[in-house]
file run_33.cif (mmCIF, C-alpha atoms)
data_query
#
loop_
_atom_site.label_atom_id
_atom_site.label_comp_id
_atom_site.auth_asym_id
_atom_site.auth_seq_id
_atom_site.Cartn_x
_atom_site.Cartn_y
_atom_site.Cartn_z
CA MET S 710 -35.70 131.41 -178.40
CA ARG S 711 -38.34 130.63 -175.80
CA THR S 712 -38.63 127.10 -177.19
CA LEU S 713 -34.90 126.62 -176.80
CA TYR S 714 -35.09 127.70 -173.18
CA LEU S 715 -37.91 125.26 -172.54
CA LEU S 716 -35.96 122.40 -174.13
CA ALA S 717 -32.89 123.26 -172.10
CA ALA S 718 -34.92 123.37 -168.90
CA SER S 719 -36.51 120.02 -169.70
CA GLY S 720 -33.13 118.47 -170.36
CA LEU S 721 -31.79 119.81 -167.07
CA ALA S 722 -34.78 118.40 -165.21
CA LEU S 723 -34.26 114.97 -166.74
CA GLY S 724 -30.57 115.05 -165.91
CA THR S 725 -31.31 116.04 -162.33
CA SER S 726 -33.91 113.31 -161.87
CA ALA S 727 -31.47 110.75 -163.26
CA CYS S 728 -28.98 111.68 -160.58
CA THR S 729 -31.45 111.76 -157.68
CA VAL S 730 -33.26 108.45 -158.11
CA LYS S 731 -34.15 107.18 -154.66
CA ALA S 732 -33.11 103.70 -153.64
CA PRO S 733 -36.06 101.26 -153.62
CA PRO S 734 -37.17 99.99 -150.22
CA ALA S 735 -35.45 96.79 -149.14
CA ARG S 736 -37.57 93.69 -149.72
CA THR S 737 -38.65 92.05 -146.48
CA ALA S 738 -40.57 89.05 -147.84
CA LEU S 739 -40.56 86.96 -150.99
CA GLU S 740 -43.36 86.47 -153.48
CA CYS S 741 -43.57 82.70 -153.89
CA PRO S 742 -46.33 81.67 -156.32
CA GLN S 743 -47.66 78.14 -156.11
CA THR S 744 -46.30 77.36 -159.56
CA GLN S 745 -43.82 79.02 -161.92
CA GLY S 746 -43.33 77.22 -165.20
CA ASP S 747 -42.05 73.73 -164.38
CA LEU S 748 -41.55 74.68 -160.70
CA SER S 749 -44.07 73.62 -158.05
CA ARG S 750 -43.84 75.11 -154.58
CA THR S 751 -43.32 72.55 -151.82
CA SER S 752 -42.95 74.83 -148.77
CA ALA S 753 -42.80 78.47 -147.67
CA ALA S 754 -41.35 79.91 -144.47
CA SER S 755 -43.75 81.80 -142.22
CA ASP S 756 -41.46 84.86 -142.16
CA GLY S 757 -41.46 85.06 -145.98
CA LYS S 758 -37.67 84.82 -146.17
CA SER S 759 -37.52 81.51 -148.05
CA CYS S 760 -39.54 78.97 -150.02
CA THR S 761 -38.76 75.75 -151.87
CA TYR S 762 -39.75 74.35 -155.24
CA MET S 763 -39.33 71.11 -157.16
CA THR S 764 -39.40 70.36 -160.87
CA SER S 765 -41.21 67.47 -162.51
CA SER S 766 -37.87 65.66 -162.81
CA GLY S 767 -36.98 66.11 -159.13
CA ALA S 768 -34.61 69.11 -159.19
CA GLU S 769 -34.67 71.12 -155.96
CA VAL S 770 -34.86 74.94 -155.88
CA THR S 771 -34.57 77.01 -152.70
CA LEU S 772 -35.51 80.68 -153.06
CA GLN S 773 -34.27 82.92 -150.25
CA LEU S 774 -33.45 86.47 -149.23
CA VAL S 775 -29.75 86.84 -148.45
CA SER S 776 -28.13 89.61 -146.45
CA VAL S 777 -25.13 91.36 -148.00
CA ALA S 778 -23.70 92.88 -144.81
CA GLY S 779 -20.18 92.04 -146.00
CA GLY S 780 -20.89 92.92 -149.64
CA ALA S 781 -22.76 91.10 -152.40
CA ASP S 782 -19.62 89.45 -153.80
CA ALA S 783 -18.69 88.04 -150.39
CA ALA S 784 -22.20 86.68 -149.88
CA LEU S 785 -22.22 84.96 -153.28
CA THR S 786 -18.72 83.55 -152.81
CA SER S 787 -19.84 82.04 -149.50
CA ILE S 788 -22.78 80.36 -151.23
CA GLU S 789 -20.46 78.92 -153.90
CA THR S 790 -18.15 77.55 -151.20
CA ASN S 791 -21.04 75.83 -149.45
CA LEU S 792 -22.36 74.35 -152.69
CA LEU S 793 -18.97 72.82 -153.51
CA ALA S 794 -18.20 71.59 -150.00
CA ASN S 795 -17.76 67.87 -149.27
CA ARG S 796 -16.88 66.95 -152.83
CA SER S 797 -15.31 63.53 -153.23
CA ALA S 798 -11.79 62.96 -154.50
CA PRO S 799 -11.65 61.79 -158.16
CA LYS S 800 -11.48 58.02 -158.56
CA PRO S 801 -8.76 56.35 -160.66
CA ASP S 802 -11.29 55.16 -163.24
CA ASP S 803 -13.02 58.55 -163.56
CA LYS S 804 -10.82 59.44 -166.56
CA ALA S 805 -11.82 56.29 -168.44
CA THR S 806 -15.49 56.87 -167.66
CA ALA S 807 -15.23 60.49 -168.77
CA ASP S 808 -13.56 59.44 -172.03
CA ALA S 809 -16.46 57.09 -172.74
CA SER S 810 -19.10 59.75 -171.97
CA PRO S 811 -17.62 63.23 -172.29
CA THR S 812 -19.61 66.09 -170.75
CA PRO S 813 -21.25 68.57 -173.18
CA ALA S 814 -19.36 71.54 -171.73
CA THR S 815 -15.97 69.90 -172.22
CA ALA S 816 -14.03 71.42 -175.11
CA ALA S 817 -11.06 69.75 -176.76
CA SER S 818 -10.44 72.44 -179.34
CA ALA S 819 -10.84 76.16 -179.81
CA THR S 820 -13.93 75.61 -181.95
CA ASP S 821 -15.63 73.42 -179.33
CA SER S 822 -14.76 76.00 -176.67
CA GLY S 823 -16.46 78.70 -178.71
CA LYS S 824 -19.63 76.58 -178.90
CA ALA S 825 -19.51 76.03 -175.14
CA ALA S 826 -19.17 79.76 -174.61
CA ALA S 827 -22.18 80.44 -176.81
CA LEU S 828 -24.30 77.95 -174.87
CA ALA S 829 -23.21 79.41 -171.53
CA ALA S 830 -23.89 82.93 -172.75
CA GLU S 831 -27.48 81.99 -173.62
CA GLN S 832 -28.01 80.41 -170.20
CA ALA S 833 -26.21 83.01 -168.11
CA LEU S 834 -27.48 86.21 -169.71
CA GLU S 835 -31.15 86.58 -170.59
CA ASP S 836 -31.64 90.08 -171.98
CA SER S 837 -34.08 91.51 -174.48
CA SER S 838 -32.06 89.79 -177.17
CA ARG S 839 -30.42 86.43 -176.55
CA ALA S 840 -26.65 86.59 -176.39
CA SER S 841 -24.59 84.49 -178.77
CA VAL S 842 -20.94 84.00 -179.60
CA ASP S 843 -19.48 83.05 -182.94
CA VAL S 844 -15.71 82.53 -182.99
CA ARG S 845 -14.15 82.40 -186.45
CA ILE S 846 -10.43 81.90 -186.94
CA ASP S 847 -8.95 83.31 -190.13
CA SER S 848 -6.54 81.23 -192.19
CA SER S 849 -3.63 83.50 -191.30
CA GLY S 850 -3.84 82.34 -187.69
CA LYS S 851 -3.61 85.93 -186.51
CA HIS S 852 -5.79 85.29 -183.47
CA LEU S 853 -4.90 81.64 -182.90
CA THR S 854 -1.66 80.46 -181.30
CA GLU S 855 -0.41 77.00 -180.43
CA ASN S 856 2.62 76.37 -178.21
CA GLY S 857 3.38 72.83 -179.35
CA ASP S 858 2.04 70.97 -176.30
CA GLY S 859 -1.55 70.72 -177.48
CA THR S 860 -2.62 74.06 -176.05
CA MET S 861 -4.41 76.49 -178.33
CA ARG S 862 -5.34 80.08 -177.53
CA VAL S 863 -7.81 82.49 -179.06
CA ASP S 864 -7.62 86.17 -178.14
CA LEU S 865 -10.28 88.46 -179.57
CA PRO S 866 -11.85 91.62 -178.14
CA GLY S 867 -14.00 90.41 -175.24
CA ILE S 868 -13.31 86.73 -176.01
CA HIS S 869 -10.39 84.73 -174.61
CA ILE S 870 -10.14 80.97 -174.98
CA THR S 871 -7.48 78.51 -173.88
CA ALA S 872 -8.04 74.86 -174.80
CA ASN S 873 -5.78 71.85 -174.29
CA GLU S 874 -6.52 68.76 -176.37
CA ASN S 875 -4.32 66.54 -174.16
CA ASP S 876 -6.24 66.92 -170.89
CA GLU S 877 -9.49 68.03 -172.58
CA SER S 878 -9.61 71.24 -170.58
CA ALA S 879 -10.80 74.67 -171.61
CA LYS S 880 -10.96 78.14 -170.11
CA VAL S 881 -13.33 80.59 -171.78
CA ARG S 882 -13.92 84.25 -171.00
CA VAL S 883 -16.72 86.03 -172.86
CA GLY S 884 -17.50 89.41 -171.34
CA PRO S 885 -18.75 88.80 -167.79
CA ILE S 886 -19.01 85.03 -168.38
CA SER S 887 -16.26 82.61 -167.40
CA ILE S 888 -16.16 78.88 -168.12
CA ASP S 889 -13.66 76.40 -166.70
CA ALA S 890 -14.16 72.88 -168.05
CA ASN S 891 -12.25 69.61 -168.04
CA ASP S 892 -13.05 65.97 -168.78
CA SER S 893 -15.12 65.48 -165.62
CA SER S 894 -16.52 68.85 -164.51
CA ALA S 895 -17.43 72.34 -165.65
CA THR S 896 -17.89 75.64 -163.83
CA ILE S 897 -19.78 78.59 -165.31
CA LYS S 898 -19.88 82.01 -163.62
CA SER S 899 -21.36 85.36 -164.51
CA ARG S 900 -21.60 88.52 -162.39
CA ARG S 901 -22.47 92.00 -163.59
CA ASP S 902 -23.87 95.31 -162.41
CA VAL S 903 -27.35 96.21 -163.67
CA ARG S 904 -29.94 98.92 -163.19
CA LEU S 905 -32.77 98.18 -160.81
CA ARG S 906 -36.33 97.97 -162.05
CA GLY S 907 -37.73 101.47 -162.52
CA GLU S 908 -34.26 103.04 -162.82
CA ALA S 909 -33.82 102.87 -166.58
CA PHE S 910 -32.60 106.50 -166.67
CA SER S 911 -30.29 106.23 -163.69
CA ARG S 912 -26.60 106.74 -164.41
CA GLU S 913 -25.65 104.39 -161.62
CA LYS S 914 -26.12 100.64 -161.79
CA ARG S 915 -27.19 99.81 -158.28
CA GLY S 916 -28.22 96.22 -158.86
CA ILE S 917 -26.38 92.96 -159.42
CA ARG S 918 -27.14 89.80 -161.37
CA ALA S 919 -25.14 86.63 -160.94
CA THR S 920 -25.19 83.04 -162.17
CA PHE S 921 -23.17 80.09 -160.92
CA ILE S 922 -23.32 76.56 -162.35
CA TYR S 923 -21.19 73.54 -161.47
CA THR S 924 -21.57 70.09 -163.03
CA GLY S 925 -19.41 67.17 -162.00
CA LYS S 926 -19.25 63.62 -160.72
CA ASP S 927 -17.62 64.60 -157.42
CA LEU S 928 -20.68 66.21 -155.82
CA PRO S 929 -22.09 64.59 -152.66
CA THR S 930 -25.38 62.69 -152.31
CA GLY S 931 -25.54 61.79 -155.96
CA TYR S 932 -25.96 65.34 -157.26
CA ARG S 933 -24.64 66.10 -160.74
CA PHE S 934 -25.56 69.77 -160.94
CA VAL S 935 -25.56 72.62 -158.39
CA GLY S 936 -25.76 76.34 -158.83
CA TYR S 937 -27.61 79.54 -158.17
CA GLU S 938 -29.28 82.47 -159.85
CA ALA S 939 -29.09 85.75 -157.89
CA GLY S 940 -30.24 89.31 -158.29
CA GLY S 941 -31.14 92.41 -156.33
CA PRO S 942 -29.84 95.72 -155.03
CA LYS S 943 -26.17 95.81 -154.05
CA THR S 944 -27.22 97.12 -150.65
CA GLY S 945 -29.31 93.98 -150.17
CA PRO S 946 -30.98 91.87 -149.39
CA ILE S 947 -30.56 90.00 -152.67
CA THR S 948 -32.76 87.17 -153.91
CA VAL S 949 -30.95 83.88 -154.49
CA ALA S 950 -32.34 80.68 -156.00
CA ILE S 951 -30.14 77.71 -155.13
CA VAL S 952 -30.58 74.80 -157.53
CA LYS S 953 -29.58 71.16 -157.03
CA SER S 954 -30.25 68.27 -159.37
CA LYS S 955 -29.22 64.66 -159.81
CA LEU S 956 -29.88 64.89 -163.55
CA ASP S 957 -27.64 66.72 -166.02
CA SER S 958 -30.67 67.43 -168.20
CA ASP S 959 -32.02 69.92 -165.64
CA THR S 960 -29.39 72.45 -166.70
CA GLY S 961 -31.43 73.14 -169.87
CA GLU S 962 -34.24 75.45 -170.80
CA GLU S 963 -36.93 73.46 -168.98
CA MET S 964 -36.02 74.83 -165.55
CA TYR S 965 -33.75 77.87 -165.69
CA PRO S 966 -36.14 80.39 -167.30
CA SER S 967 -38.60 79.82 -164.45
CA VAL S 968 -35.86 80.18 -161.86
CA LYS S 969 -34.74 83.46 -163.41
CA LYS S 970 -38.28 84.84 -163.44
CA LEU S 971 -38.63 84.19 -159.71
CA VAL S 972 -35.30 85.83 -158.93
CA ARG S 973 -35.87 88.89 -161.10
CA LYS S 974 -39.42 89.40 -159.87
CA ASN S 975 -38.25 89.36 -156.25
CA GLY S 976 -34.86 90.98 -156.80
CA GLY S 977 -36.19 93.89 -158.84
CA VAL S 978 -33.57 93.54 -161.57
#

call {"tool": "encode", "arguments": {"input": "run_33.cif", "output": "structure tokens"}}
result
Amino acid sequence: MRTLYLLAASGLALGTSACTVKAPPARTALECPQTQGDLSRTSAASDGKSCTYMTSSGAEVTLQLVSVAGGADAALTSIETNLLANRSAPKPDDKATADASPTPATAASATDSGKAAALAAEQALEDSSRASVDVRIDSSGKHLTENGDGTMRVDLPGIHITANENDESAKVRVGPISIDANDSSATIKSRRDVRLRGEAFSREKRGIRATFIYTGKDLPTGYRFVGYEAGGPKTGPITVAIVKSKLDSDTGEEMYPSVKKLVRKNGGV
């Protein structure tokens, strides 16, 4: 009986500590190592609020602390708006050029959309096990519908895909990941609540992780890829790495793992 009392008391203590985890102190300065993977530091602000990096292929990364006075979502939305500002209007021959060299994220069928979702899931969510998506359509067509105008839809638990073979567009939703792609551009977003470092037993998820990627030919100054990786406590400040590249190849595994390590180290997520 005494053992049972001790176990009960221990369980109560654990439950109480899980509910009374103190918020970590707000970060006031970034840790900006000279190198991180393929990233080499090019500058660091004296106040510790920002630093810049460059990859061997010339991609630019700006790491900074961002205030979330109006909320984390509002701060991230503002960054997205700034990244996509001053885009050029599509040219008449853009369609022909896109047809000759389609972008990897463009999906013309439900199967291609599923592959794009799997690739985005690997890039956007880096957990203890890599995320993957495998969409299989049974012969009965139970989860696949077509309305006669070239649009196909897949609706599965946690997976929703709409693809149009006529305009080569696709919309994919896989959990917290969303992909909007057409013949000339693609947008990938992911936002989710997470537990902060050291709060594995906390019931409340007080941190946020977010990814934003845009590739397209309408970006200014010759850029082909812009985006950010963000993470930190919802109360802020959050750590944001803004990425810009003039090469599509920089969206791959050469650069993003290093960017994520910097963000998670400084954001505490």

call {"tool": "closest_residue", "arguments": {"input": "run_33.cif", "among": "S:Thr764, S:Lys953, S:Asp864, S:Ala895", "to": "Ala879 of chain S", "atoms": "only C-alpha atoms"}}
result
S:Ala895

call {"tool": "atom_distance", "arguments": {"input": "run_33.cif", "atom1": "atom CA of Asp902 of chain S", "atom2": "atom CA of Lys943 of chain S"}}
result
8.7 Å

call {"tool": "residues_around", "arguments": {"input": "run_33.cif", "residues": "segment 750-762 of chain S", "least_positions_apart": "4", "cutoff": "7 Å", "atoms": "only C-alpha atoms", "output": "VMD selection string"}}
result
chain S and resid 738 to 739 741 743 to 744 769 to 774

call {"tool": "atom_distance", "arguments": {"input": "run_33.cif", "atom1": "atom CA of Glu789 of chain S", "atom2": "atom CA of Gly977 of chain S"}}
result
22.3 Å

call {"tool": "resolve_selection", "arguments": {"input": "run_33.cif", "expression": "the PyMOL selection byres ((chain S and resi 917-921) around 10)", "output": "mmCIF file with C-alpha atoms, in the frame of the given file"}}
result
data_model
loop_
_atom_site.group_PDB
_atom_site.id
_atom_site.type_symbol
_atom_site.label_atom_id
_atom_site.label_comp_id
_atom_site.auth_asym_id
_atom_site.auth_seq_id
_atom_site.Cartn_x
_atom_site.Cartn_y
_atom_site.Cartn_z
ATOM 1 C CA ALA S 781 -22.760 91.100 -152.400
ATOM 2 C CA ASP S 782 -19.620 89.450 -153.800
ATOM 3 C CA LEU S 785 -22.220 84.960 -153.280
ATOM 4 C CA THR S 786 -18.720 83.550 -152.810
ATOM 5 C CA ILE S 788 -22.780 80.360 -151.230
ATOM 6 C CA GLU S 789 -20.460 78.920 -153.900
ATOM 7 C CA GLN S 832 -28.010 80.410 -170.200
ATOM 8 C CA ALA S 833 -26.210 83.010 -168.110
ATOM 9 C CA LEU S 834 -27.480 86.210 -169.710
ATOM 10 C CA PRO S 885 -18.750 88.800 -167.790
ATOM 11 C CA ILE S 886 -19.010 85.030 -168.380
ATOM 12 C CA SER S 887 -16.260 82.610 -167.400
ATOM 13 C CA THR S 896 -17.890 75.640 -163.830
ATOM 14 C CA ILE S 897 -19.780 78.590 -165.310
ATOM 15 C CA LYS S 898 -19.880 82.010 -163.620
ATOM 16 C CA SER S 899 -21.360 85.360 -164.510
ATOM 17 C CA ARG S 900 -21.600 88.520 -162.390
ATOM 18 C CA ARG S 901 -22.470 92.000 -163.590
ATOM 19 C CA ASP S 902 -23.870 95.310 -162.410
ATOM 20 C CA VAL S 903 -27.350 96.210 -163.670
ATOM 21 C CA ARG S 904 -29.940 98.920 -163.190
ATOM 22 C CA LEU S 905 -32.770 98.180 -160.810
ATOM 23 C CA LYS S 914 -26.120 100.640 -161.790
ATOM 24 C CA ARG S 915 -27.190 99.810 -158.280
ATOM 25 C CA GLY S 916 -28.220 96.220 -158.860
ATOM 26 C CA ILE S 922 -23.320 76.560 -162.350
ATOM 27 C CA TYR S 923 -21.190 73.540 -161.470
ATOM 28 C CA VAL S 935 -25.560 72.620 -158.390
ATOM 29 C CA GLY S 936 -25.760 76.340 -158.830
ATOM 30 C CA TYR S 937 -27.610 79.540 -158.170
ATOM 31 C CA GLU S 938 -29.280 82.470 -159.850
ATOM 32 C CA ALA S 939 -29.090 85.750 -157.890
ATOM 33 C CA GLY S 940 -30.240 89.310 -158.290
ATOM 34 C CA GLY S 941 -31.140 92.410 -156.330
ATOM 35 C CA PRO S 942 -29.840 95.720 -155.030
ATOM 36 C CA LYS S 943 -26.170 95.810 -154.050
ATOM 37 C CA THR S 944 -27.220 97.120 -150.650
ATOM 38 C CA GLY S 945 -29.310 93.980 -150.170
ATOM 39 C CA ILE S 947 -30.560 90.000 -152.670
ATOM 40 C CA THR S 948 -32.760 87.170 -153.910
ATOM 41 C CA VAL S 949 -30.950 83.880 -154.490
ATOM 42 C CA ALA S 950 -32.340 80.680 -156.000
ATOM 43 C CA ILE S 951 -30.140 77.710 -155.130
ATOM 44 C CA VAL S 952 -30.580 74.800 -157.530
ATOM 45 C CA LYS S 969 -34.740 83.460 -163.410
ATOM 46 C CA VAL S 972 -35.300 85.830 -158.930
ATOM 47 C CA ARG S 973 -35.870 88.890 -161.100
ATOM 48 C CA GLY S 976 -34.860 90.980 -156.800
ATOM 49 C CA GLY S 977 -36.190 93.890 -158.840
ATOM 50 C CA VAL S 978 -33.570 93.540 -161.570
#

call {"tool": "resolve_selection", "arguments": {"input": "run_33.cif", "expression": "the PyMOL selection byres ((chain S and resi 890) around 9)", "output": "JSON, numbers by chain"}}
result
{"S": [814, 815, 816, 877, 878, 879, 880, 881, 888, 889, 891, 892, 893, 894, 895, 896, 897]}

call {"tool": "atom_distance", "arguments": {"input": "run_33.cif", "atom1": "atom CA of Ser954 of chain S", "atom2": "atom CA of Asp927 of chain S"}}
result
13.3 Å

call {"tool": "resolve_selection", "arguments": {"input": "run_33.cif", "expression": "the PyMOL selection byres ((chain S and resi 766) around 9)", "output": "PyMOL selection string"}}
result
chain S and resi 763-765+767-768+954+956+959
